[in-house]
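Colleague: Provided below: upload_31.cif, containing mmCIF, C-alpha atoms.
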```cif
data_final
#
loop_
_atom_site.label_atom_id
_atom_site.label_comp_id
_atom_site.auth_asym_id
_atom_site.auth_seq_id
_atom_site.Cartn_x
_atom_site.Cartn_y
_atom_site.Cartn_z
CA ALA A 83 -28.16 6.01 16.14
CA VAL A 84 -27.73 9.08 14.00
CA SER A 85 -29.96 10.66 11.43
CA GLN A 86 -27.08 11.49 9.10
CA GLN A 87 -26.23 9.25 6.19
CA PRO A 88 -23.61 9.49 3.44
CA ASP A 89 -24.48 11.88 0.62
CA SER A 90 -24.54 10.93 -3.06
CA LEU A 91 -25.70 7.35 -2.47
CA PRO A 92 -26.95 5.21 -5.36
CA ALA A 93 -30.73 5.04 -5.60
CA GLY A 94 -32.22 2.50 -3.25
CA ARG A 95 -29.16 2.20 -1.06
CA SER A 96 -29.64 5.02 1.45
CA ALA A 97 -31.34 2.96 4.15
CA ALA A 98 -28.77 0.20 3.77
CA TYR A 99 -26.14 2.22 5.61
CA MET A 100 -28.02 3.23 8.71
CA PRO A 101 -27.10 1.66 12.07
CA SER A 102 -29.45 -1.15 13.08
CA PRO A 103 -28.37 -2.06 16.61
CA SER A 104 -31.50 -4.07 17.38
CA SER A 105 -30.77 -6.61 14.64
CA ASP A 106 -26.98 -6.80 14.94
CA PRO A 107 -25.31 -9.41 17.17
CA PRO A 108 -24.05 -7.97 20.47
CA ASN A 109 -20.40 -8.15 19.36
CA VAL A 110 -21.05 -5.94 16.28
CA LEU A 111 -20.33 -2.29 17.04
CA GLN A 112 -21.10 0.00 14.11
CA SER A 113 -19.90 3.54 14.67
CA SER A 114 -22.41 6.38 14.59
CA HIS A 115 -19.81 9.16 14.41
CA PRO A 116 -20.75 11.75 11.76
CA LEU A 117 -17.12 12.31 10.70
CA ILE A 118 -16.65 8.63 9.97
CA LEU A 119 -19.72 8.64 7.69
CA HIS A 120 -18.51 11.84 6.02
CA LYS A 121 -14.98 10.62 5.41
CA ILE A 122 -16.02 7.22 4.08
CA THR A 123 -18.13 9.10 1.53
CA GLN A 124 -15.04 11.08 0.53
CA MET A 125 -13.10 7.82 0.12
CA ARG A 126 -15.62 6.69 -2.49
CA LYS A 127 -14.94 9.63 -4.80
CA ALA A 128 -13.71 8.52 -8.21
CA LYS A 129 -10.92 11.09 -8.29
CA ALA A 130 -9.52 10.31 -4.82
CA GLY A 131 -6.02 9.06 -5.63
CA PRO A 132 -3.64 7.10 -3.40
CA LYS A 133 -2.36 10.08 -1.41
CA TYR A 134 -5.79 11.49 -0.52
CA LEU A 135 -7.26 8.01 0.02
CA ASN A 136 -4.44 7.16 2.42
CA GLN A 137 -5.10 10.36 4.37
CA LEU A 138 -8.82 9.58 4.68
CA LEU A 139 -8.16 5.95 5.58
CA ARG A 140 -5.79 7.06 8.31
CA GLU A 141 -8.33 9.54 9.69
CA VAL A 142 -11.20 7.05 9.75
CA SER A 143 -8.90 4.45 11.33
CA THR A 144 -8.00 6.93 14.06
CA PHE A 145 -11.67 7.35 15.00
CA LEU A 146 -12.24 3.60 14.96
CA CYS A 147 -9.10 3.01 17.03
CA TYR A 148 -10.41 5.46 19.63
CA GLU A 149 -13.65 3.48 19.88
CA ALA A 150 -12.03 0.03 19.77
CA THR A 151 -9.54 0.84 22.54
CA ALA A 152 -12.06 2.41 24.93
CA ASP A 153 -12.12 -0.60 27.27
CA LEU A 154 -8.38 -1.35 27.50
CA GLU A 155 -7.35 -2.02 31.06
CA MET A 156 -5.42 0.63 32.98
CA GLU A 157 -3.07 0.50 35.96
CA PRO A 158 -1.73 3.21 38.28
CA CYS A 159 1.75 4.57 37.71
CA ALA A 160 4.02 7.35 38.90
CA VAL A 161 4.97 10.22 36.62
CA THR A 162 7.64 12.85 37.18
CA SER A 163 6.11 16.24 36.41
CA ARG A 164 7.53 19.75 36.80
CA LEU A 165 5.93 19.76 40.22
CA GLY A 166 7.52 16.49 41.30
CA GLU A 167 6.22 12.95 41.55
CA GLU A 168 2.55 12.59 40.62
CA LYS A 169 0.10 9.71 40.20
CA GLY A 170 -1.20 8.76 36.78
CA GLN A 171 -2.46 5.82 34.72
CA ARG A 172 -1.05 3.77 31.88
CA LEU A 173 -2.11 0.80 29.76
CA ALA A 174 -1.90 -2.33 31.86
CA ASN A 175 -1.45 -4.81 29.00
CA ARG A 176 0.62 -5.11 25.87
CA VAL A 177 -1.17 -4.67 22.55
CA ALA A 178 -0.54 -6.08 19.07
CA ILE A 179 -1.73 -4.56 15.79
CA VAL A 180 -2.26 -7.19 13.07
CA PRO A 181 -2.87 -5.74 9.59
CA VAL A 182 -4.11 -8.19 6.96
CA MET A 183 -2.13 -7.32 3.85
CA ARG A 184 -2.43 -5.39 1.70
CA GLY A 185 -5.43 -3.26 2.60
CA GLY A 186 -4.85 -3.46 6.34
CA LEU A 187 -1.55 -1.64 5.92
CA GLY A 188 -3.48 1.55 5.21
CA MET A 189 -4.99 1.42 8.72
CA LEU A 190 -1.73 0.57 10.48
CA GLU A 191 -0.18 4.02 10.86
CA ALA A 192 -3.23 5.46 12.62
CA MET A 193 -3.37 2.57 15.06
CA THR A 194 0.33 2.69 15.93
CA GLU A 195 0.19 6.47 16.39
CA MET A 196 -2.60 6.03 18.92
CA VAL A 197 -1.05 3.00 20.66
CA CYS A 198 2.61 3.93 20.26
CA ASN A 199 4.08 0.96 22.14
CA ALA A 200 2.07 -1.66 20.23
CA ARG A 201 3.72 -4.63 18.55
CA VAL A 202 3.01 -5.04 14.82
CA TYR A 203 2.47 -8.53 13.41
CA HIS A 204 1.76 -8.90 9.69
CA LEU A 205 -0.52 -11.52 8.13
CA GLY A 206 -0.84 -12.05 4.38
CA ILE A 207 -4.07 -13.73 3.29
CA TYR A 208 -5.83 -13.68 -0.07
CA ARG A 209 -8.99 -15.33 -1.37
CA ASP A 210 -8.43 -17.91 -4.10
CA LYS A 211 -10.42 -16.92 -7.18
CA LYS A 212 -11.50 -20.49 -7.97
CA SER A 213 -12.18 -22.04 -4.58
CA LEU A 214 -13.02 -18.68 -2.91
CA MET A 215 -11.18 -20.00 0.14
CA PRO A 216 -8.67 -17.88 2.07
CA VAL A 217 -5.01 -18.72 1.43
CA GLU A 218 -2.29 -17.72 3.90
CA TYR A 219 0.90 -16.60 2.15
CA TYR A 220 2.69 -14.60 4.87
CA ASN A 221 2.80 -14.94 8.65
CA LYS A 222 5.08 -12.86 10.87
CA LEU A 223 3.73 -13.84 14.28
CA PRO A 224 6.51 -14.33 16.83
CA LYS A 225 7.07 -17.70 18.50
CA ARG A 226 6.29 -16.37 21.96
CA VAL A 227 3.02 -14.67 22.89
CA THR A 228 3.92 -11.47 24.77
CA VAL A 229 0.71 -9.46 24.22
CA GLN A 230 -2.71 -9.65 25.85
CA THR A 231 -4.86 -7.94 23.18
CA ALA A 232 -4.64 -8.02 19.38
CA PHE A 233 -6.44 -5.75 16.91
CA VAL A 234 -6.98 -7.28 13.46
CA LEU A 235 -7.19 -4.70 10.64
CA ASP A 236 -8.97 -5.48 7.35
CA PRO A 237 -10.61 -2.43 5.74
CA CYS A 238 -13.50 -3.79 3.67
CA PRO A 239 -14.55 -7.46 4.04
CA LEU A 240 -17.15 -8.72 1.54
CA SER A 241 -17.69 -12.31 2.71
CA GLY A 242 -15.60 -12.18 5.90
CA ALA A 243 -13.60 -15.29 4.95
CA THR A 244 -10.23 -13.54 5.14
CA ALA A 245 -11.07 -11.94 8.48
CA ILE A 246 -12.25 -15.29 9.89
CA ALA A 247 -9.02 -16.94 8.72
CA ALA A 248 -6.91 -14.21 10.35
CA ILE A 249 -8.77 -14.58 13.65
CA ASP A 250 -8.44 -18.39 13.43
CA ILE A 251 -4.66 -18.01 13.03
CA LEU A 252 -4.41 -15.65 15.99
CA LYS A 253 -6.50 -17.88 18.24
CA ALA A 254 -4.40 -20.92 17.38
CA TRP A 255 -1.23 -18.93 18.04
CA GLY A 256 -2.37 -17.09 21.16
CA SER A 257 -4.31 -19.74 23.08
CA THR A 258 -2.83 -21.97 25.75
CA ALA A 259 -4.23 -23.96 28.64
CA ASP A 260 -3.99 -20.98 30.98
CA PHE A 261 -4.13 -17.97 28.64
CA LYS A 262 -6.56 -16.69 26.02
CA LEU A 263 -5.57 -13.87 23.70
CA ARG A 264 -8.16 -11.10 23.51
CA ILE A 265 -8.92 -10.24 19.88
CA LYS A 266 -10.79 -7.34 18.30
CA PHE A 267 -11.60 -6.87 14.60
CA VAL A 268 -11.57 -3.38 13.07
CA CYS A 269 -12.76 -2.50 9.55
CA ILE A 270 -13.81 0.61 7.63
CA GLY A 271 -16.82 -0.85 5.84
CA ALA A 272 -18.33 -4.33 5.51
CA SER A 273 -21.23 -6.15 3.93
CA GLN A 274 -23.97 -7.43 6.18
CA GLN A 275 -22.99 -10.98 5.21
CA ALA A 276 -19.37 -10.41 6.23
CA VAL A 277 -20.41 -9.05 9.62
CA ASP A 278 -22.81 -11.97 10.16
CA ASN A 279 -20.22 -14.55 9.09
CA ILE A 280 -17.46 -13.15 11.29
CA SER A 281 -19.82 -12.82 14.25
CA SER A 282 -21.10 -16.37 13.80
CA ALA A 283 -17.59 -17.85 13.53
CA HIS A 284 -16.19 -15.77 16.39
CA PRO A 285 -18.97 -14.48 18.67
CA ASP A 286 -16.38 -13.63 21.32
CA VAL A 287 -14.56 -11.15 19.04
CA PRO A 288 -15.86 -7.54 19.04
CA ILE A 289 -16.30 -6.16 15.51
CA HIS A 290 -15.73 -2.40 15.20
CA VAL A 291 -16.99 -1.21 11.81
CA GLY A 292 -17.40 2.26 10.35
CA LEU A 293 -20.28 1.44 8.00
CA ILE A 294 -22.28 -1.69 7.12
CA ASP A 295 -23.78 -2.15 3.65
CA ARG A 296 -26.94 -4.10 4.51
CA LEU A 297 -28.27 -4.72 0.99
CA HIS A 298 -28.33 -8.26 -0.38
CA ASP A 299 -29.84 -10.23 -3.25
CA PRO A 300 -32.81 -12.64 -2.85
CA ASP A 301 -30.38 -15.44 -1.90
CA GLY A 302 -28.87 -13.38 0.91
CA ALA A 303 -25.57 -12.66 -0.85
CA PRO A 304 -24.21 -9.09 -0.57
CA LEU A 305 -24.73 -6.84 -3.56
CA ALA A 306 -21.36 -6.19 -5.16
CA PRO A 307 -19.63 -3.91 -4.95
CA ILE A 308 -20.31 -2.98 -1.33
CA LEU A 309 -20.14 0.74 -0.57
CA PRO A 310 -20.09 1.45 -4.35
CA GLY A 311 -17.02 3.42 -5.38
CA LEU A 312 -14.85 2.31 -2.48
CA GLY A 313 -13.26 -0.41 -4.61
CA ASP A 314 -10.34 -2.61 -3.61
CA ILE A 315 -8.59 -0.60 -0.90
CA GLY A 316 -5.25 -2.33 -1.43
CA ASP A 317 -5.25 -1.66 -5.19
CA ARG A 318 -6.31 1.96 -4.75
CA LEU A 319 -3.76 2.64 -2.01
CA PHE A 320 -0.84 1.28 -4.00
CA GLY A 321 -1.98 2.49 -7.43
CA THR A 322 -2.51 -0.97 -8.93
CA ASP A 323 -6.18 -0.54 -9.82
CA GLY A 324 -5.37 0.75 -13.32
CA ASN A 325 -6.92 4.16 -12.65
CA ASP A 326 -4.74 7.18 -13.40
CA ASP A 327 -7.60 9.68 -13.56
CA PHE A 328 -7.50 11.12 -10.07
CA ASP A 329 -7.06 14.50 -8.42
CA GLU A 330 -4.92 14.61 -5.29
CA ASP A 331 -6.27 18.03 -4.43
CA GLY A 332 -9.72 16.81 -4.02
CA LEU A 333 -11.02 17.94 -0.88
CA ASP A 334 -12.68 16.99 2.15
CA GLY A 335 -15.65 19.32 1.90
CA ALA A 336 -16.22 19.00 -1.83
#
```
Would you kindly transcribe this structure into structure tokens?
Modeller:
Amino acid sequence: AVSQQPDSLPAGRSAAYMPSPSSDPPNVLQSSHPLILHKITQMRKAKAGPKYLNQLLREVSTFLCYEATADLEMEPCAVTSRLGEEKGQRLANRVAIVPVMRGGLGMLEAMTEMVCNARVYHLGIYRDKKSLMPVEYYNKLPKRVTVQTAFVLDPCPLSGATAIAAIDILKAWGSTADFKLRIKFVCIGASQQAVDNISSAHPDVPIHVGLIDRLHDPDGAPLAPILPGLGDIGDRLFGTDGNDDFDEDGLDGA
């Protein structure tokens, strides 16, 4: 755990962001990296427009990718160097990156830069405003399963319903009698309820999260909005949030 916490937090929220490993399920892995905390704070700035937000989202995703891929299996290989044939290591298994549109697209570039030979499979899921149930509207999974590990990207789950639906789809697609697809979930920020719901539905899926907003109302529901100022990542990335008052020169240390 770290002693740092994001600056400029609303009153009463400071403690809600600190790592609490003793109370989290074992598959919940909240990062304690100071740069992740710093950059998520920058993402919440009112004047951070699409260009700057995309840069920050890519940087935070890079850190999270580094942590989420730390246990990928390796195998020995030969490499031709200037000194001749040498021994090295390479990834043993094929990897898929699965962004949940639209917000997950902002995390995709960082992940594919780090895992350059990864397959990319898109899922489109939205939450119905009346029923509050996830609705699948786009699915680009191939017919054949040719990967061993899949990383699901969804930047800021509030209830976790969309993330659970995405993982359900992947498990149904990637499970056979003699093979089980390994799945990991990666997000920038999440409510405590979202983390609990995803963990309860899929205790076998590691959850890599940059920051957890642990505040909730007396009924246990997350206080909205989570990580105040972060907003809807998809709308902010693509400029559909109705906000034109931003400054693309805004700056990391400001």
Colleague: Name the residues that the PyMOL selection byres ((chain A and resi 256-272) around 7) pulls out of this structure, and write them as number ranges by chain.
Modeller: A: 227, 230-240, 252-255, 273-274, 276-277, 287-295
Colleague: Place a sphere of radius 6 Å on (-1.4, 7.6, 8.4) in the file coordinates and name every protein, DNA or RNA residue with an atom inside or on its surface, counting all atoms listed in the file; give the answer as a list in words.
Modeller: Arg140, Glu191 and Ala192 of chain A
Colleague: Need the shell around stretch 167-184 of chain A: protein/DNA/RNA residues with any atom at most 9 Å away, counting only C-alpha atoms. Skip same-chain ones fewer than 6 positions apart. Format as an MDAnalysis selection string?
Modeller: chainID A and resid 154:161 190 193:194 197 199:208 220 228:237 244:245 248 315:317 319:320
Colleague: Taking into account only C-alpha atoms, which residue in the set A:Ser213, A:Asp106, A:Leu187, A:Thr123 is nearest to A:Asn136?
Modeller: A:Leu187
Colleague: Could you jot down the atom CA of A:Ile246 to atom CA of A:Ile280 separation for me, Å, one decimal place?
Modeller: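 Between atom CA of A:Ile246 and atom CA of A:Ile280 the gap is 5.8 Å.
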Colleague: Find the spatial neighbours of A:Gln137, counting only C-alpha atoms, within a cut-off of 10 Å - ignore same-chain residues fewer than 4 positions away - and output them as a ChimeraX atom specification.
Modeller: /A:121,125,132-133,141-143,188-189,192
Colleague: Taking (-6.8, 8.4, 17.8) as a centre in this file's frame and 8 Å as the limit, can you find every polymer residue with an atom that close, using all atoms listed in the file, and give them as a list in words?
Modeller: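 Here the neighbourhood of the point contains Ser143, Thr144, Phe145, Leu146, Cys147, Tyr148, Ala192, Met193, Glu195 and Met196 of chain A.
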Colleague: If I take atom CA of A:Leu117 and atom CA of A:Asn279, how far is one from the other in Å, to one decimal?
Modeller: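 Here the two named atoms are 27.1 Å from each other.
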Colleague: Enter the distance from atom CA of A:Ser113 to atom CA of A:Arg296, in Å, rounded to one decimal.
Modeller: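 Separation of atom CA of A:Ser113 and atom CA of A:Arg296: 14.5 Å.
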Colleague: With only C-alpha atoms as the counted atoms, please give the residues lying no more than 9 Å from A:Pro285, apart from itself and same-chain residues fewer than 4 positions off, as number ranges by chain.
Modeller: A: 107-109, 280-281
Colleague: Could you please fill out stretch 207-224 of chain A with N, CA, C and O atoms and send it back as a PDB file, in the coordinates of the input?
Modeller:
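What follows is the written file rebuild_12.pdb:
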```
ATOM      1  N   ILE A 207      -3.030 -12.759   3.643  1.00  0.00           N
ATOM      2  CA  ILE A 207      -4.070 -13.730   3.290  1.00  0.00           C
ATOM      3  C   ILE A 207      -4.807 -13.220   2.053  1.00  0.00           C
ATOM      4  O   ILE A 207      -5.159 -12.041   1.986  1.00  0.00           O
ATOM      5  N   TYR A 208      -5.021 -14.078   1.078  1.00  0.00           N
ATOM      6  CA  TYR A 208      -5.830 -13.680  -0.070  1.00  0.00           C
ATOM      7  C   TYR A 208      -6.892 -14.748  -0.323  1.00  0.00           C
ATOM      8  O   TYR A 208      -6.777 -15.884   0.162  1.00  0.00           O
ATOM      9  N   ARG A 209      -7.926 -14.378  -1.064  1.00  0.00           N
ATOM     10  CA  ARG A 209      -8.990 -15.330  -1.370  1.00  0.00           C
ATOM     11  C   ARG A 209      -8.759 -15.908  -2.756  1.00  0.00           C
ATOM     12  O   ARG A 209      -8.671 -15.178  -3.746  1.00  0.00           O
ATOM     13  N   ASP A 210      -8.632 -17.231  -2.828  1.00  0.00           N
ATOM     14  CA  ASP A 210      -8.430 -17.910  -4.100  1.00  0.00           C
ATOM     15  C   ASP A 210      -9.624 -17.680  -5.022  1.00  0.00           C
ATOM     16  O   ASP A 210     -10.780 -17.843  -4.613  1.00  0.00           O
ATOM     17  N   LYS A 211      -9.348 -17.300  -6.264  1.00  0.00           N
ATOM     18  CA  LYS A 211     -10.420 -16.920  -7.180  1.00  0.00           C
ATOM     19  C   LYS A 211     -11.290 -18.111  -7.586  1.00  0.00           C
ATOM     20  O   LYS A 211     -12.468 -17.941  -7.937  1.00  0.00           O
ATOM     21  N   LYS A 212     -10.725 -19.323  -7.555  1.00  0.00           N
ATOM     22  CA  LYS A 212     -11.500 -20.490  -7.970  1.00  0.00           C
ATOM     23  C   LYS A 212     -12.255 -21.109  -6.783  1.00  0.00           C
ATOM     24  O   LYS A 212     -13.460 -21.321  -6.848  1.00  0.00           O
ATOM     25  N   SER A 213     -11.542 -21.397  -5.730  1.00  0.00           N
ATOM     26  CA  SER A 213     -12.180 -22.040  -4.580  1.00  0.00           C
ATOM     27  C   SER A 213     -12.879 -21.041  -3.663  1.00  0.00           C
ATOM     28  O   SER A 213     -13.721 -21.425  -2.855  1.00  0.00           O
ATOM     29  N   LEU A 214     -12.505 -19.748  -3.775  1.00  0.00           N
ATOM     30  CA  LEU A 214     -13.020 -18.680  -2.910  1.00  0.00           C
ATOM     31  C   LEU A 214     -12.634 -18.874  -1.448  1.00  0.00           C
ATOM     32  O   LEU A 214     -13.202 -18.241  -0.561  1.00  0.00           O
ATOM     33  N   MET A 215     -11.651 -19.749  -1.217  1.00  0.00           N
ATOM     34  CA  MET A 215     -11.180 -20.000   0.140  1.00  0.00           C
ATOM     35  C   MET A 215      -9.972 -19.123   0.449  1.00  0.00           C
ATOM     36  O   MET A 215      -9.168 -18.823  -0.433  1.00  0.00           O
ATOM     37  N   PRO A 216      -9.832 -18.703   1.707  1.00  0.00           N
ATOM     38  CA  PRO A 216      -8.670 -17.880   2.070  1.00  0.00           C
ATOM     39  C   PRO A 216      -7.386 -18.695   2.038  1.00  0.00           C
ATOM     40  O   PRO A 216      -7.359 -19.861   2.454  1.00  0.00           O
ATOM     41  N   VAL A 217      -6.323 -18.073   1.536  1.00  0.00           N
ATOM     42  CA  VAL A 217      -5.010 -18.720   1.430  1.00  0.00           C
ATOM     43  C   VAL A 217      -3.993 -17.858   2.177  1.00  0.00           C
ATOM     44  O   VAL A 217      -3.823 -16.680   1.865  1.00  0.00           O
ATOM     45  N   GLU A 218      -3.320 -18.442   3.143  1.00  0.00           N
ATOM     46  CA  GLU A 218      -2.290 -17.720   3.900  1.00  0.00           C
ATOM     47  C   GLU A 218      -0.971 -17.786   3.134  1.00  0.00           C
ATOM     48  O   GLU A 218      -0.511 -18.862   2.778  1.00  0.00           O
ATOM     49  N   TYR A 219      -0.372 -16.612   2.856  1.00  0.00           N
ATOM     50  CA  TYR A 219       0.900 -16.600   2.150  1.00  0.00           C
ATOM     51  C   TYR A 219       2.014 -15.902   2.944  1.00  0.00           C
ATOM     52  O   TYR A 219       3.182 -15.948   2.548  1.00  0.00           O
ATOM     53  N   TYR A 220       1.675 -15.278   4.069  1.00  0.00           N
ATOM     54  CA  TYR A 220       2.690 -14.600   4.870  1.00  0.00           C
ATOM     55  C   TYR A 220       2.229 -14.564   6.317  1.00  0.00           C
ATOM     56  O   TYR A 220       1.082 -14.242   6.607  1.00  0.00           O
ATOM     57  N   ASN A 221       3.142 -14.909   7.223  1.00  0.00           N
ATOM     58  CA  ASN A 221       2.800 -14.940   8.650  1.00  0.00           C
ATOM     59  C   ASN A 221       4.030 -14.519   9.438  1.00  0.00           C
ATOM     60  O   ASN A 221       5.047 -15.207   9.428  1.00  0.00           O
ATOM     61  N   LYS A 222       3.949 -13.377  10.110  1.00  0.00           N
ATOM     62  CA  LYS A 222       5.080 -12.860  10.870  1.00  0.00           C
ATOM     63  C   LYS A 222       4.740 -12.792  12.359  1.00  0.00           C
ATOM     64  O   LYS A 222       5.179 -11.888  13.075  1.00  0.00           O
ATOM     65  N   LEU A 223       3.991 -13.763  12.846  1.00  0.00           N
ATOM     66  CA  LEU A 223       3.730 -13.840  14.280  1.00  0.00           C
ATOM     67  C   LEU A 223       4.972 -14.394  14.975  1.00  0.00           C
ATOM     68  O   LEU A 223       5.591 -15.341  14.487  1.00  0.00           O
ATOM     69  N   PRO A 224       5.341 -13.817  16.109  1.00  0.00           N
ATOM     70  CA  PRO A 224       6.510 -14.330  16.830  1.00  0.00           C
ATOM     71  C   PRO A 224       6.208 -15.686  17.476  1.00  0.00           C
ATOM     72  O   PRO A 224       5.042 -16.074  17.622  1.00  0.00           O
TER      73      PRO A 224
END
```
